[in-house]
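K.L.:
What follows is data_20.txt, compact mmCIF, C-alpha atoms and all ligand atoms.
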# COMPACT_ATOMS: atom_id res chain seq x y z
CA MET A 1306 228.59 -207.77 -89.57
CA LEU A 1307 231.58 -210.04 -89.11
CA SER A 1308 232.20 -211.22 -85.56
CA GLN A 1309 235.37 -209.78 -84.05
CA LYS A 1310 236.85 -213.27 -83.95
CA LEU A 1311 236.24 -213.85 -87.66
CA HIS A 1312 237.38 -210.32 -88.53
CA ASP A 1313 240.70 -210.90 -86.73
CA ALA A 1314 241.16 -214.33 -88.30
CA LEU A 1315 240.45 -213.00 -91.82
CA ASN A 1316 242.91 -210.19 -91.25
CA ALA A 1317 245.52 -212.74 -90.19
CA GLN A 1318 244.70 -214.76 -93.31
CA VAL A 1319 245.47 -211.77 -95.56
CA ASN A 1320 248.89 -211.74 -93.94
CA ALA A 1321 249.27 -215.53 -94.35
CA GLU A 1322 248.46 -215.30 -98.07
CA LEU A 1323 250.96 -212.48 -98.54
CA TRP A 1324 253.55 -214.50 -96.63
CA SER A 1325 252.84 -217.39 -99.04
CA ALA A 1326 253.40 -214.99 -101.95
CA TYR A 1327 256.71 -213.95 -100.39
CA LEU A 1328 257.73 -217.59 -99.86
CA TYR A 1329 257.09 -218.51 -103.50
CA LEU A 1330 258.83 -215.38 -104.77
CA SER A 1331 261.84 -216.42 -102.71
CA MET A 1332 261.72 -219.90 -104.27
CA ALA A 1333 261.44 -218.36 -107.76
CA LEU A 1334 264.52 -216.22 -107.11
CA ASP A 1335 266.50 -219.15 -105.67
CA ALA A 1336 265.56 -221.38 -108.64
CA GLU A 1337 266.46 -218.69 -111.16
CA SER A 1338 269.81 -218.04 -109.49
CA LYS A 1339 270.62 -221.75 -109.95
CA GLY A 1340 269.67 -221.79 -113.64
CA TYR A 1341 266.21 -223.37 -113.34
CA LYS A 1342 264.26 -220.81 -115.30
CA GLY A 1343 261.19 -223.01 -115.77
CA ILE A 1344 260.93 -223.85 -112.07
CA ALA A 1345 261.40 -220.14 -111.35
CA ASN A 1346 258.48 -219.45 -113.70
CA TRP A 1347 256.31 -222.04 -111.94
CA PHE A 1348 256.94 -220.36 -108.58
CA HIS A 1349 256.45 -216.92 -110.05
CA VAL A 1350 252.96 -217.99 -111.11
CA GLN A 1351 252.42 -219.23 -107.53
CA PHE A 1352 253.58 -215.82 -106.28
CA GLN A 1353 250.88 -214.15 -108.40
CA GLU A 1354 248.19 -216.61 -107.31
CA GLU A 1355 248.91 -215.96 -103.63
CA GLN A 1356 248.54 -212.23 -104.18
CA ALA A 1357 245.16 -212.95 -105.79
CA HIS A 1358 244.17 -215.01 -102.72
CA ALA A 1359 245.09 -212.09 -100.45
CA ARG A 1360 243.09 -209.76 -102.70
CA ILE A 1361 240.00 -212.00 -102.54
CA PHE A 1362 240.12 -211.91 -98.73
CA MET A 1363 240.65 -208.14 -98.74
CA ASN A 1364 237.76 -207.61 -101.18
CA TYR A 1365 235.51 -209.80 -99.05
CA MET A 1366 236.38 -207.95 -95.84
CA LEU A 1367 235.75 -204.59 -97.51
CA SER A 1368 232.42 -205.80 -98.88
CA ARG A 1369 231.45 -206.72 -95.30
CA ASP A 1370 232.44 -203.24 -94.08
CA ALA A 1371 235.42 -204.66 -92.17
CA LYS A 1372 238.70 -202.78 -92.00
CA VAL A 1373 241.74 -204.56 -93.43
CA GLU A 1374 244.87 -204.04 -91.38
CA LEU A 1375 248.11 -204.92 -93.16
CA LEU A 1376 250.52 -206.51 -90.70
CA PRO A 1377 254.30 -206.96 -91.08
CA ILE A 1378 255.30 -209.87 -93.30
CA GLU A 1379 257.74 -212.24 -91.58
CA ALA A 1380 261.01 -213.13 -93.30
CA VAL A 1381 261.06 -216.24 -95.49
CA PRO A 1382 263.85 -218.77 -96.16
CA THR A 1383 266.03 -217.80 -99.10
CA THR A 1384 267.63 -221.03 -100.24
CA TRP A 1385 266.68 -224.67 -100.77
CA GLU A 1386 269.00 -227.65 -101.31
CA THR A 1387 267.25 -228.99 -104.40
CA PRO A 1388 264.17 -228.35 -106.58
CA LEU A 1389 262.58 -231.38 -104.91
CA ALA A 1390 263.03 -229.72 -101.49
CA MET A 1391 261.19 -226.65 -102.80
CA PHE A 1392 258.17 -228.63 -103.91
CA GLU A 1393 258.13 -230.68 -100.69
CA LYS A 1394 258.14 -227.44 -98.73
CA THR A 1395 255.33 -226.16 -100.98
CA LEU A 1396 253.13 -229.17 -100.14
CA GLU A 1397 253.92 -228.89 -96.43
CA HIS A 1398 253.11 -225.18 -96.52
CA GLU A 1399 249.85 -225.62 -98.45
CA LYS A 1400 248.69 -228.21 -95.89
CA LYS A 1401 249.18 -225.57 -93.20
CA VAL A 1402 247.19 -223.05 -95.26
CA THR A 1403 244.41 -225.63 -95.65
CA ALA A 1404 244.28 -225.94 -91.85
CA LEU A 1405 244.02 -222.13 -91.55
CA ILE A 1406 241.16 -222.03 -94.07
CA ASN A 1407 239.40 -224.87 -92.25
CA ASN A 1408 239.73 -222.90 -89.02
CA LEU A 1409 238.17 -219.84 -90.67
CA ALA A 1410 235.30 -222.00 -91.90
CA SER A 1411 234.80 -223.37 -88.36
CA ILE A 1412 234.56 -219.85 -86.95
CA ALA A 1413 232.10 -218.83 -89.70
CA ASN A 1414 230.08 -221.95 -88.86
CA GLU A 1415 230.01 -221.11 -85.15
CA ASP A 1416 228.88 -217.59 -86.10
CA ARG A 1417 226.22 -218.97 -88.48
CA ASP A 1418 227.71 -216.44 -90.91
CA PHE A 1419 226.46 -217.96 -94.15
CA ALA A 1420 228.01 -215.37 -96.48
CA SER A 1421 231.43 -216.07 -95.00
CA ILE A 1422 230.87 -219.82 -95.21
CA ASN A 1423 230.03 -219.37 -98.88
CA ARG A 1424 233.18 -217.36 -99.63
CA LEU A 1425 235.34 -219.78 -97.66
CA ASN A 1426 233.97 -222.66 -99.72
CA TRP A 1427 235.82 -221.17 -102.70
CA PHE A 1428 239.06 -221.38 -100.72
CA ILE A 1429 238.32 -224.91 -99.51
CA ASP A 1430 238.12 -226.03 -103.17
CA GLU A 1431 241.17 -223.96 -104.07
CA GLN A 1432 243.25 -225.68 -101.38
CA VAL A 1433 242.40 -229.12 -102.77
CA GLU A 1434 243.88 -227.90 -106.06
CA GLU A 1435 246.93 -226.32 -104.41
CA GLU A 1436 247.82 -229.53 -102.59
CA GLU A 1437 247.23 -231.61 -105.72
CA ASN A 1438 249.49 -229.31 -107.80
CA ALA A 1439 252.29 -229.56 -105.25
CA ARG A 1440 251.96 -233.36 -105.09
CA ASP A 1441 252.06 -233.57 -108.91
CA MET A 1442 255.24 -231.51 -108.95
CA ILE A 1443 256.89 -233.68 -106.28
CA GLN A 1444 256.07 -236.73 -108.39
CA ALA A 1445 257.40 -235.12 -111.59
CA VAL A 1446 260.66 -233.98 -109.99
CA ALA A 1447 261.14 -237.29 -108.14
CA ALA A 1448 260.75 -239.12 -111.47
CA VAL A 1449 263.79 -237.34 -112.95
CA ILE A 1450 265.93 -237.22 -109.84
CA ASP A 1451 269.61 -237.90 -110.66
CA ASN A 1452 268.79 -237.47 -114.36
CA LYS A 1453 270.15 -234.10 -115.43
CA TYR A 1454 268.61 -234.30 -118.91
CA GLY A 1455 265.22 -235.21 -117.46
CA LEU A 1456 265.39 -232.25 -115.09
CA TYR A 1457 266.42 -230.01 -117.99
CA MET A 1458 263.38 -231.15 -119.99
CA LEU A 1459 261.03 -230.75 -117.00
CA ASP A 1460 262.41 -227.26 -116.41
CA LYS A 1461 261.65 -226.41 -120.06
CA GLU A 1462 258.09 -227.71 -119.65
CA LEU A 1463 257.50 -225.62 -116.53
CA ALA A 1464 258.57 -222.49 -118.38
CA ALA A 1465 255.23 -222.73 -120.23
CA ARG A 1466 253.05 -222.30 -117.12
CA THR A 1467 251.06 -219.08 -117.38
CA TYR A 1468 249.22 -217.11 -114.75
CA ASN A 1469 245.45 -216.97 -114.95
CA VAL A 1470 243.50 -214.88 -112.48
CA PRO A 1471 241.99 -217.63 -110.27
CA SER A 1472 238.61 -215.94 -109.95
CA PRO A 1473 236.84 -212.66 -110.83
CA LEU A 1474 236.66 -212.28 -107.02
CA ALA A 1475 240.34 -211.24 -107.19
CA SER A 1476 239.61 -208.04 -109.14
CA ALA A 1477 241.05 -204.95 -107.48
CA GLU A 1478 238.30 -202.68 -108.85
MG MG B 1501 246.91 -219.19 -100.92
Let's see the structure in the file written out as structure tokens.

P.N.:
Amino acid sequence: MLSQKLHDALNAQVNAELWSAYLYLSMALDAESKGYKGIANWFHVQFQEEQAHARIFMNYMLSRDAKVELLPIEAVPTTWETPLAMFEKTLEHEKKVTALINNLASIANEDRDFASINRLNWFIDEQVEEEENARDMIQAVAAVIDNKYGLYMLDKELAARTYNVPSPLASAE
């Protein structure tokens, strides 16, 4: 059985992942409204990945016979000054998520809950990737800053990003 403390923290994490999904959907909409269809696509893929993260946590809680309680999702910002600002916010946000995951892992460690530690290890690896992706995007956008053609080409490149289910753990069946 999950400890009450870990149960509550996992429940809060479901909400945090759904808030992340909402944040990236908002960025996708803002980018699309400004004509950056490729950047919008990149964030739309992020939106889908965050929903998969939430699903993995929900599946795990259910498999441990823990009730999932869906909490209200807080409002998100709706506009960003530049594409660079979006990716900087993405990195800042993912660092916060990493801290939340690390906190969950600490609780699981205190509980000597080895199954939870194991599942959280997947997220620890995933966060390394999330932060790296955001850093790569900051670098790519910074490289074409003030170069409209460069940004146009980068936007075209980002239109090719496709969503892949991050893990079979995200299955809703
Ligand atoms: Mg996430």

K.L.:
Rounded to one decimal, what separation in Å do you get between atom CA of Lys1401 of chain A and atom CA of Asp1460 of chain A?

P.N.:
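Separating atom CA of Lys1401 of chain A from atom CA of Asp1460 of chain A is a distance of 26.8 Å.
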
K.L.:
Give the answer as one residue: which of A:Ile1344, A:Ala1359, A:Met1366, A:Ala1390 has the shortest atom-to-atom distance to Gln1309 of chain A, using all atoms listed in the file?

P.N.:
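Once distances to Gln1309 of chain A are computed over all atoms listed in the file, the minimum belongs to A:Met1366.
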
K.L.:
Could you tell me, counting all atoms listed in the file, which protein and nucleic acid residues lie no more than 8 Å from ligand MG 1501 (chain B), written as a ChimeraX atom specification?

P.N.:
/A:1321-1322,1325-1326,1354-1356,1358-1359,1399,1402,1432,1435

K.L.:
Using all atoms listed in the file, determine which residues lie at most 10 Å from Asn1364 of chain A, disregarding the query and same-chain residues fewer than 4 positions distant; provide the list as a list in words.

P.N.:
His1358, Ala1359, Arg1360, Ser1368, Arg1369, Asp1370, Ala1371, Val1373, Leu1474, Ala1475, Ser1476, Ala1477 and Glu1478 of chain A

K.L.:
Any chance you can output those residues with C-alpha atoms as a PDB file, keeping the file's coordinate frame?

P.N.:
ATOM      1  CA  HIS A1358     244.170-215.010-102.720  1.00  0.00           C
ATOM      2  CA  ALA A1359     245.090-212.090-100.450  1.00  0.00           C
ATOM      3  CA  ARG A1360     243.090-209.760-102.700  1.00  0.00           C
ATOM      4  CA  SER A1368     232.420-205.800 -98.880  1.00  0.00           C
ATOM      5  CA  ARG A1369     231.450-206.720 -95.300  1.00  0.00           C
ATOM      6  CA  ASP A1370     232.440-203.240 -94.080  1.00  0.00           C
ATOM      7  CA  ALA A1371     235.420-204.660 -92.170  1.00  0.00           C
ATOM      8  CA  VAL A1373     241.740-204.560 -93.430  1.00  0.00           C
ATOM      9  CA  LEU A1474     236.660-212.280-107.020  1.00  0.00           C
ATOM     10  CA  ALA A1475     240.340-211.240-107.190  1.00  0.00           C
ATOM     11  CA  SER A1476     239.610-208.040-109.140  1.00  0.00           C
ATOM     12  CA  ALA A1477     241.050-204.950-107.480  1.00  0.00           C
ATOM     13  CA  GLU A1478     238.300-202.680-108.850  1.00  0.00           C
TER      14      GLU A1478
END

K.L.:
Pick out the residues sitting within 10 Å of segment 1412-1418 of chain A, and hand them over as number ranges by chain; count only C-alpha atoms, and ignore anything fewer than 2 positions along from it in its own chain.

P.N.:
A: 1306-1308, 1310-1311, 1314, 1406-1410, 1420-1423, 1425

K.L.:
Which of these, A:Arg1466, A:Met1363, A:Pro1473, A:Ala1404, has the shortest distance to His1349 of chain A once you count all atoms listed in the file?

P.N.:
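Among the listed residues, the smallest separation from His1349 of chain A belongs to A:Arg1466.
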
K.L.:
Record the distance separating atom CA of Pro1377 of chain A and atom CA of Val1319 of chain A, expressed in Å with one decimal.

P.N.:
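That distance, rounded to one decimal, is 11.0 Å.
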
K.L.:
For Ala1380 of chain A, please output as a list in words all residues within 12 Å (counting only C-alpha atoms; exclusion window: fewer than 5 positions along the same chain).

P.N.:
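Everything that qualifies: Leu1323, Trp1324, Ser1325, Ala1326, Tyr1327, Leu1328, Leu1330 and Ser1331 of chain A.
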
K.L.:
Please dump the current selection as a short mmCIF file (atom, residue, chain, number, x, y, z; two decimals), keeping the file's coordinate frame; keep C-alpha atoms.

P.N.:
data_model
loop_
_atom_site.label_atom_id
_atom_site.label_comp_id
_atom_site.auth_asym_id
_atom_site.auth_seq_id
_atom_site.Cartn_x
_atom_site.Cartn_y
_atom_site.Cartn_z
CA LEU A 1323 250.96 -212.48 -98.54
CA TRP A 1324 253.55 -214.50 -96.63
CA SER A 1325 252.84 -217.39 -99.04
CA ALA A 1326 253.40 -214.99 -101.95
CA TYR A 1327 256.71 -213.95 -100.39
CA LEU A 1328 257.73 -217.59 -99.86
CA LEU A 1330 258.83 -215.38 -104.77
CA SER A 1331 261.84 -216.42 -102.71
#

K.L.:
What gap, in Å, lies between atom CA of Asp1441 of chain A and atom CA of Ala1336 of chain A?

P.N.:
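Going from atom CA of Asp1441 of chain A over to atom CA of Ala1336 of chain A covers 18.2 Å.
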
K.L.:
Quick one: residues within 10 Å of (255.0, -222.8, -109.2) (file frame), counting all atoms listed in the file, please, as a list in words.

P.N.:
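The residues that fall inside the cut-off are Tyr1329, Leu1330, Met1332, Ala1333, Gly1343, Ile1344, Ala1345, Asn1346, Trp1347, Phe1348, His1349, Val1350, Gln1351, Phe1352, Gln1353, Glu1354, Met1391, Phe1392, Thr1395, Asn1438, Ala1439, Met1442, Leu1463, Ala1464, Arg1466, Thr1467 and Tyr1468 of chain A.
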
K.L.:
Kindly indicate which residue among A:Ser1411, A:Pro1388, A:Lys1453, A:Thr1403 lies nearest to Lys1342 of chain A, using all atoms listed in the file for the distances.

P.N.:
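Smallest distance to Lys1342 of chain A is found for A:Pro1388.
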
K.L.:
Out of A:Leu1315, A:Trp1427, A:Val1449, A:Leu1459, which residue has the shortest atom-to-atom distance to Leu1367 of chain A when counting only C-alpha atoms?

P.N.:
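Smallest separation from Leu1367 of chain A among the options: A:Leu1315.
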